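Notes follow the structure.
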Amino acid sequence: METKTKAMVGENLVETYSPQHFRQIRRLFHVPDDFLRQNVDFSTASDFGGKGGSLLVYSKDRRYILKTVTTADQKTLLNLTEAYLDHMVKKDSMLARIFLHFHLKGSNWIAMNNWIPGKSNNSFSIVYDLKGCDDDKKLVSDNEPIKVRRSRWYSAPYRWPFCSKQCILERSIYKQGKLEARTVRVTLRREHRNKLISTLERDVEFLRSFNLMDYSLVLGILSEDVNRHDKEYKKNVWRWKGWFRGERVTFYVGIIDFLQVWNLKKRVAWVLKIRERNKSTEPPDLYACRFLQNIRRLVGLETRSGGESLNIRR
């Protein structure tokens with residue numbers, strides 16, 4: 001039977017799931033048990049542009065992200081918690097670090113580390129969300145968030161008089177960002193590049209073994225590292241120096257949104273999108289191989305075909 005306890009999140013006393021497991025993860029990363037007490041304002045919750053319509057809240061210190069989870073993701077996490085803890089404890093991982101799983105006012109939430117820390121959304125020069133397919137996108141450009149403007153067959157076209165000039169411009173910027181995200185390249189030192197790939201291979205194999213897909217690598221790029229003096233941030237993120245477009249920069253990376261299981265709904269969507277050859281709706285084996293191939297390409301390694309060469313067991 002699932003063990004539950006109470007915890008303070010902001011001004012709210014909430015019911016938590018699997019408290020012992022997530023307490024161990026907090027201990028592993030030196031996060032205090034009261035890390036969210038007086039540190040969250042749920043009135044700032046917003047739809048961050050994701051397809052699932054989840055709500056997202058940043059902690060006041062910007063070190064953590066709180067996000068609602070769907071019914072399907074809730075079931076996945078409950079089933080995955082013990083294995084997730086074991087995976088995180090045994091070796092380095094780039095999976096988002098879930099520090100608390102709780103229920104509040106009819107919704108289930110997770111609290112995790114913020115891979116892209118800073119004083120505001122505009123702290124990073126550029127941020128990408130990379131899946132290794134046509135759903136790659138640019139989230140921040142020149143320190144400014146990019147507004148999500150998706151084109152759907154059932155929505156009005158992005159042209160006058162159906163949309164305002166501002167809306168048309170936002171769609172153009174969003175589309176250009178997606179095109180850029182598909183071809184982005186970065187340069188890392190060999191030891192950092194090898195560490196990135198070996199850690200991702202282990203994480204991706206873990207996700208594939210649990211039939212999970214549709215996850216992303218978030219990549220933040222800083223011309224000037226605003227977190228360079230904050231030891232707490234440095235301790236809880238993956239960050240490396242490198243080069244981007246000929247400029248010396250700092251990269252922040254991590255895997256997010258990894259609770260989507262390959263279920264009947266996804267299988268139906270895959271059939272309906274059969275003509276779309278490069279979308280995120282792919283079986284876990286195919287998704288894992290393509291994801292790793294594209295991350296290899298991102299850091300300048302030659303792409304190798306076949307799951308075995310990428311350490312993905314079938």
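Just so we're on the same page: first chain in the structure tokens is A, next is B, and so on; residues restart at 1 for each chain, and ligands are numbered from 1 in the order they show up.
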
Within 12 Å of segment 213-219 of chain A, which residues of segment 45-139 of chain A come that close, and what is the closest atom pair and distance in Å for each? Count only C-alpha atoms and give it as JSON lines.
{"residue": "A:Lys51", "atom": "CA", "partner": "A:Asp214", "partner_atom": "CA", "distance": 11.5}
{"residue": "A:Asp73", "atom": "CA", "partner": "A:Met213", "partner_atom": "CA", "distance": 11.8}
{"residue": "A:Thr76", "atom": "CA", "partner": "A:Met213", "partner_atom": "CA", "distance": 11.9}
{"residue": "A:Met94", "atom": "CA", "partner": "A:Leu217", "partner_atom": "CA", "distance": 9.0}
{"residue": "A:Leu95", "atom": "CA", "partner": "A:Leu217", "partner_atom": "CA", "distance": 9.2}
{"residue": "A:Ala96", "atom": "CA", "partner": "A:Leu217", "partner_atom": "CA", "distance": 10.0}
{"residue": "A:Asn114", "atom": "CA", "partner": "A:Val218", "partner_atom": "CA", "distance": 10.4}
{"residue": "A:Trp115", "atom": "CA", "partner": "A:Val218", "partner_atom": "CA", "distance": 7.6}
{"residue": "A:Ile116", "atom": "CA", "partner": "A:Leu219", "partner_atom": "CA", "distance": 8.1}
{"residue": "A:Pro117", "atom": "CA", "partner": "A:Leu219", "partner_atom": "CA", "distance": 11.7}
{"residue": "A:Phe124", "atom": "CA", "partner": "A:Leu219", "partner_atom": "CA", "distance": 10.1}
{"residue": "A:Ser125", "atom": "CA", "partner": "A:Leu219", "partner_atom": "CA", "distance": 10.9}
{"residue": "A:Ile126", "atom": "CA", "partner": "A:Leu219", "partner_atom": "CA", "distance": 8.2}
{"residue": "A:Val127", "atom": "CA", "partner": "A:Leu219", "partner_atom": "CA", "distance": 5.5}
{"residue": "A:Tyr128", "atom": "CA", "partner": "A:Leu219", "partner_atom": "CA", "distance": 5.1}
{"residue": "A:Asp129", "atom": "CA", "partner": "A:Val218", "partner_atom": "CA", "distance": 4.7}
{"residue": "A:Leu130", "atom": "CA", "partner": "A:Leu217", "partner_atom": "CA", "distance": 5.1}
{"residue": "A:Lys131", "atom": "CA", "partner": "A:Ser216", "partner_atom": "CA", "distance": 4.7}
{"residue": "A:Gly132", "atom": "CA", "partner": "A:Ser216", "partner_atom": "CA", "distance": 8.2}
{"residue": "A:Cys133", "atom": "CA", "partner": "A:Asp214", "partner_atom": "CA", "distance": 10.2}
{"residue": "A:Asp135", "atom": "CA", "partner": "A:Asp214", "partner_atom": "CA", "distance": 9.7}
{"residue": "A:Asp136", "atom": "CA", "partner": "A:Ser216", "partner_atom": "CA", "distance": 8.5}
{"residue": "A:Lys137", "atom": "CA", "partner": "A:Val218", "partner_atom": "CA", "distance": 9.9}
{"residue": "A:Lys138", "atom": "CA", "partner": "A:Leu219", "partner_atom": "CA", "distance": 9.5}
{"residue": "A:Leu139", "atom": "CA", "partner": "A:Val218", "partner_atom": "CA", "distance": 9.4}

Problem set entry | DSSP strand (DSSP E) selection over segment 107-210 of chain A, as a list in words |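 Everything in segment 107-210 of chain A that counts as strand (DSSP E) is Ser107, Asn108, Trp109, Ile110, Ala111, Met112, Asn113, Ile126, Val127, Tyr128, Asp129, Leu130, Lys137, Lys138, Leu139, Val140, Ser141, Glu144, Pro145, Thr187 and Leu188 of chain A.
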
Would you output that residue set with N, CA, C and O atoms, as a short mmCIF file (atom, residue, chain, number, x, y, z; two decimals), in the first residue's frame?
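Saved result, again_15.cif, follows:
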data_model
loop_
_atom_site.label_atom_id
_atom_site.label_comp_id
_atom_site.auth_asym_id
_atom_site.auth_seq_id
_atom_site.Cartn_x
_atom_site.Cartn_y
_atom_site.Cartn_z
N SER A 107 -5.21 18.20 -7.96
CA SER A 107 -4.19 17.94 -8.98
C SER A 107 -2.97 17.27 -8.35
O SER A 107 -2.66 17.48 -7.18
N ASN A 108 -2.29 16.46 -9.15
CA ASN A 108 -1.03 15.85 -8.73
C ASN A 108 0.13 16.66 -9.31
O ASN A 108 0.09 17.09 -10.47
N TRP A 109 1.16 16.84 -8.48
CA TRP A 109 2.29 17.68 -8.84
C TRP A 109 3.60 16.94 -8.60
O TRP A 109 3.66 16.03 -7.77
N ILE A 110 4.64 17.38 -9.31
CA ILE A 110 6.01 16.99 -8.98
C ILE A 110 6.82 18.26 -8.80
O ILE A 110 6.55 19.29 -9.44
N ALA A 111 7.81 18.19 -7.92
CA ALA A 111 8.77 19.28 -7.73
C ALA A 111 10.14 18.74 -8.09
O ALA A 111 10.57 17.72 -7.56
N MET A 112 10.80 19.39 -9.01
CA MET A 112 12.08 18.89 -9.51
C MET A 112 13.09 20.03 -9.62
O MET A 112 12.73 21.20 -9.48
N ASN A 113 14.34 19.68 -9.88
CA ASN A 113 15.35 20.71 -10.05
C ASN A 113 15.12 21.48 -11.33
O ASN A 113 14.51 20.98 -12.29
N ILE A 126 20.23 31.60 -24.87
CA ILE A 126 19.47 30.71 -25.75
C ILE A 126 19.12 29.45 -24.98
O ILE A 126 19.92 28.95 -24.19
N VAL A 127 17.90 28.93 -25.20
CA VAL A 127 17.50 27.65 -24.63
C VAL A 127 16.80 26.84 -25.72
O VAL A 127 15.93 27.36 -26.42
N TYR A 128 17.21 25.57 -25.86
CA TYR A 128 16.59 24.66 -26.82
C TYR A 128 15.93 23.50 -26.08
O TYR A 128 16.38 23.09 -25.00
N ASP A 129 14.86 22.97 -26.68
CA ASP A 129 14.21 21.74 -26.24
C ASP A 129 14.38 20.74 -27.38
O ASP A 129 13.77 20.89 -28.45
N LEU A 130 15.20 19.71 -27.17
CA LEU A 130 15.62 18.82 -28.26
C LEU A 130 15.14 17.39 -28.04
O LEU A 130 15.46 16.76 -27.04
N LYS A 137 12.59 22.49 -30.67
CA LYS A 137 12.22 23.91 -30.70
C LYS A 137 13.17 24.75 -29.88
O LYS A 137 13.90 24.25 -29.02
N LYS A 138 13.14 26.02 -30.17
CA LYS A 138 13.91 27.02 -29.45
C LYS A 138 12.95 27.70 -28.46
O LYS A 138 11.88 28.17 -28.85
N LEU A 139 13.34 27.73 -27.19
CA LEU A 139 12.47 28.30 -26.15
C LEU A 139 12.83 29.73 -25.80
O LEU A 139 11.95 30.51 -25.41
N VAL A 140 14.11 30.05 -25.89
CA VAL A 140 14.59 31.40 -25.55
C VAL A 140 15.59 31.82 -26.63
O VAL A 140 16.44 31.04 -27.05
N SER A 141 15.48 33.09 -27.07
CA SER A 141 16.41 33.64 -28.05
C SER A 141 16.81 35.04 -27.62
O SER A 141 15.95 35.87 -27.33
N GLU A 144 15.19 36.38 -24.53
CA GLU A 144 13.75 36.61 -24.55
C GLU A 144 13.01 35.30 -24.85
O GLU A 144 13.34 34.61 -25.82
N PRO A 145 12.00 34.92 -24.03
CA PRO A 145 11.21 33.71 -24.30
C PRO A 145 10.50 33.81 -25.65
O PRO A 145 10.04 34.88 -26.04
N THR A 187 30.25 22.67 -29.43
CA THR A 187 31.58 22.06 -29.30
C THR A 187 31.95 21.95 -27.83
O THR A 187 31.91 22.95 -27.10
N LEU A 188 32.27 20.73 -27.41
CA LEU A 188 32.70 20.45 -26.04
C LEU A 188 34.08 19.82 -26.06
O LEU A 188 34.49 19.22 -27.07
#

Which residues come within 7 Å of segment 197-204 of chain A, counting only C-alpha atoms, excluding same-chain residues fewer than 2 positions away, as a CSV table (one decimal) with C-alpha atoms, in the first residue's frame?
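Result saved to around_11.csv:
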chain,number,residue,atom,x,y,z
A,92,ASP,CA,25.4,9.8,-12.5
A,93,SER,CA,22.2,10.7,-14.3
A,94,MET,CA,20.9,13.5,-16.4
A,95,LEU,CA,17.2,12.7,-15.6
A,193,ARG,CA,31.5,15.1,-24.7
A,194,ASN,CA,32.3,11.5,-23.7
A,195,LYS,CA,30.7,12.0,-20.3
A,206,PHE,CA,16.6,3.0,-18.5
A,207,LEU,CA,13.7,5.0,-20.1
A,208,ARG,CA,13.5,2.5,-23.0
A,288,ALA,CA,15.7,6.1,-28.0
A,311,ASN,CA,24.3,0.7,-26.6

Exercise. Which is closer to Arg63 of chain A than all the others in A:Met8, A:Met88, A:Ile295, A:Val31, using only C-alpha atoms?
Worked result: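 Answer, going by the shortest atom-to-atom distance: A:Val31.
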
Problem set entry | Among the residues A:His21, A:Lys241, A:Arg149, A:Arg62, the one that comes closest to Thr81 of chain A [using only C-alpha atoms] | A:His21

For this session: Name the residues of segment 183-212 of chain A that come out as alpha helix (DSSP H) in a backbone DSSP run; write them as a ChimeraX atom specification.
Result: /A:183,190-209

Output file for the residues above (C-alpha atoms, as a tab-separated table (two decimals), in the first residue's frame):
chain	number	residue	atom	x	y	z
A	183	THR	CA	20.52	21.93	-36.97
A	190	ARG	CA	36.47	15.47	-25.54
A	191	GLU	CA	36.18	14.38	-21.89
A	192	HIS	CA	32.99	16.42	-21.42
A	193	ARG	CA	31.52	15.15	-24.67
A	194	ASN	CA	32.26	11.54	-23.72
A	195	LYS	CA	30.75	12.04	-20.27
A	196	LEU	CA	27.61	13.55	-21.81
A	197	ILE	CA	27.12	10.66	-24.24
A	198	SER	CA	27.88	7.85	-21.77
A	199	THR	CA	25.51	9.32	-19.17
A	200	LEU	CA	22.76	9.84	-21.73
A	201	GLU	CA	23.14	6.28	-23.04
A	202	ARG	CA	22.59	4.90	-19.55
A	203	ASP	CA	19.58	7.17	-18.94
A	204	VAL	CA	18.00	6.44	-22.31
A	205	GLU	CA	18.39	2.69	-21.83
A	206	PHE	CA	16.62	3.05	-18.47
A	207	LEU	CA	13.74	4.96	-20.08
A	208	ARG	CA	13.50	2.54	-22.98
A	209	SER	CA	13.36	-0.43	-20.61

Exercise. What is the atom CA of Asp34 of chain A-atom CA of Lys105 of chain A distance in Å, reported with one decimal?
Worked result: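 So the two atoms, atom CA of Asp34 of chain A and atom CA of Lys105 of chain A, lie 20.0 Å apart.
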
Exercise. Please, what distance in Å, to one decimal, runs between atom CA of Arg296 of chain A and atom CA of Ile221 of chain A?
Worked result: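 We find that atom CA of Arg296 of chain A and atom CA of Ile221 of chain A lie 17.7 Å from each other.
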
Problem set entry | Within 9 Å of Arg267 of chain A using only C-alpha atoms, minus same-chain residues under 3 positions, as an MDAnalysis selection string | chainID A and resid 262:264 270:272 281:283

Those same residues, written as a PDB file, in the first residue's frame with N, CA and C atoms?
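The resulting file, out.pdb, is reproduced below:
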ATOM      1  N   TRP A 262       4.552   4.462 -23.666  1.00  0.00           N
ATOM      2  CA  TRP A 262       4.048   4.039 -24.992  1.00  0.00           C
ATOM      3  C   TRP A 262       2.806   3.191 -24.768  1.00  0.00           C
ATOM      4  N   ASN A 263       1.637   3.818 -24.813  1.00  0.00           N
ATOM      5  CA  ASN A 263       0.374   3.143 -24.516  1.00  0.00           C
ATOM      6  C   ASN A 263      -0.522   3.103 -25.756  1.00  0.00           C
ATOM      7  N   LEU A 264      -1.746   2.654 -25.574  1.00  0.00           N
ATOM      8  CA  LEU A 264      -2.676   2.528 -26.702  1.00  0.00           C
ATOM      9  C   LEU A 264      -2.935   3.868 -27.374  1.00  0.00           C
ATOM     10  N   TRP A 270       0.358   7.231 -33.431  1.00  0.00           N
ATOM     11  CA  TRP A 270       1.429   6.841 -34.340  1.00  0.00           C
ATOM     12  C   TRP A 270       0.876   6.399 -35.691  1.00  0.00           C
ATOM     13  N   VAL A 271      -0.233   5.636 -35.661  1.00  0.00           N
ATOM     14  CA  VAL A 271      -0.872   5.183 -36.898  1.00  0.00           C
ATOM     15  C   VAL A 271      -1.450   6.368 -37.666  1.00  0.00           C
ATOM     16  N   LEU A 272      -2.099   7.285 -36.942  1.00  0.00           N
ATOM     17  CA  LEU A 272      -2.709   8.449 -37.592  1.00  0.00           C
ATOM     18  C   LEU A 272      -1.659   9.376 -38.200  1.00  0.00           C
ATOM     19  N   THR A 281       6.139  11.018 -31.798  1.00  0.00           N
ATOM     20  CA  THR A 281       5.340   9.826 -31.501  1.00  0.00           C
ATOM     21  C   THR A 281       5.950   8.615 -32.207  1.00  0.00           C
ATOM     22  N   GLU A 282       6.864   7.970 -31.518  1.00  0.00           N
ATOM     23  CA  GLU A 282       7.557   6.793 -32.038  1.00  0.00           C
ATOM     24  C   GLU A 282       7.676   5.760 -30.925  1.00  0.00           C
ATOM     25  N   PRO A 283       7.705   4.455 -31.256  1.00  0.00           N
ATOM     26  CA  PRO A 283       7.918   3.425 -30.240  1.00  0.00           C
ATOM     27  C   PRO A 283       9.214   3.679 -29.478  1.00  0.00           C
TER      28      PRO A 283
END

Exercise. Taking only C-alpha atoms into account, which of A:Gln38, A:Ile98, A:Leu104, A:Lys147 comes nearest Val14 of chain A?
Worked result: A:Leu104
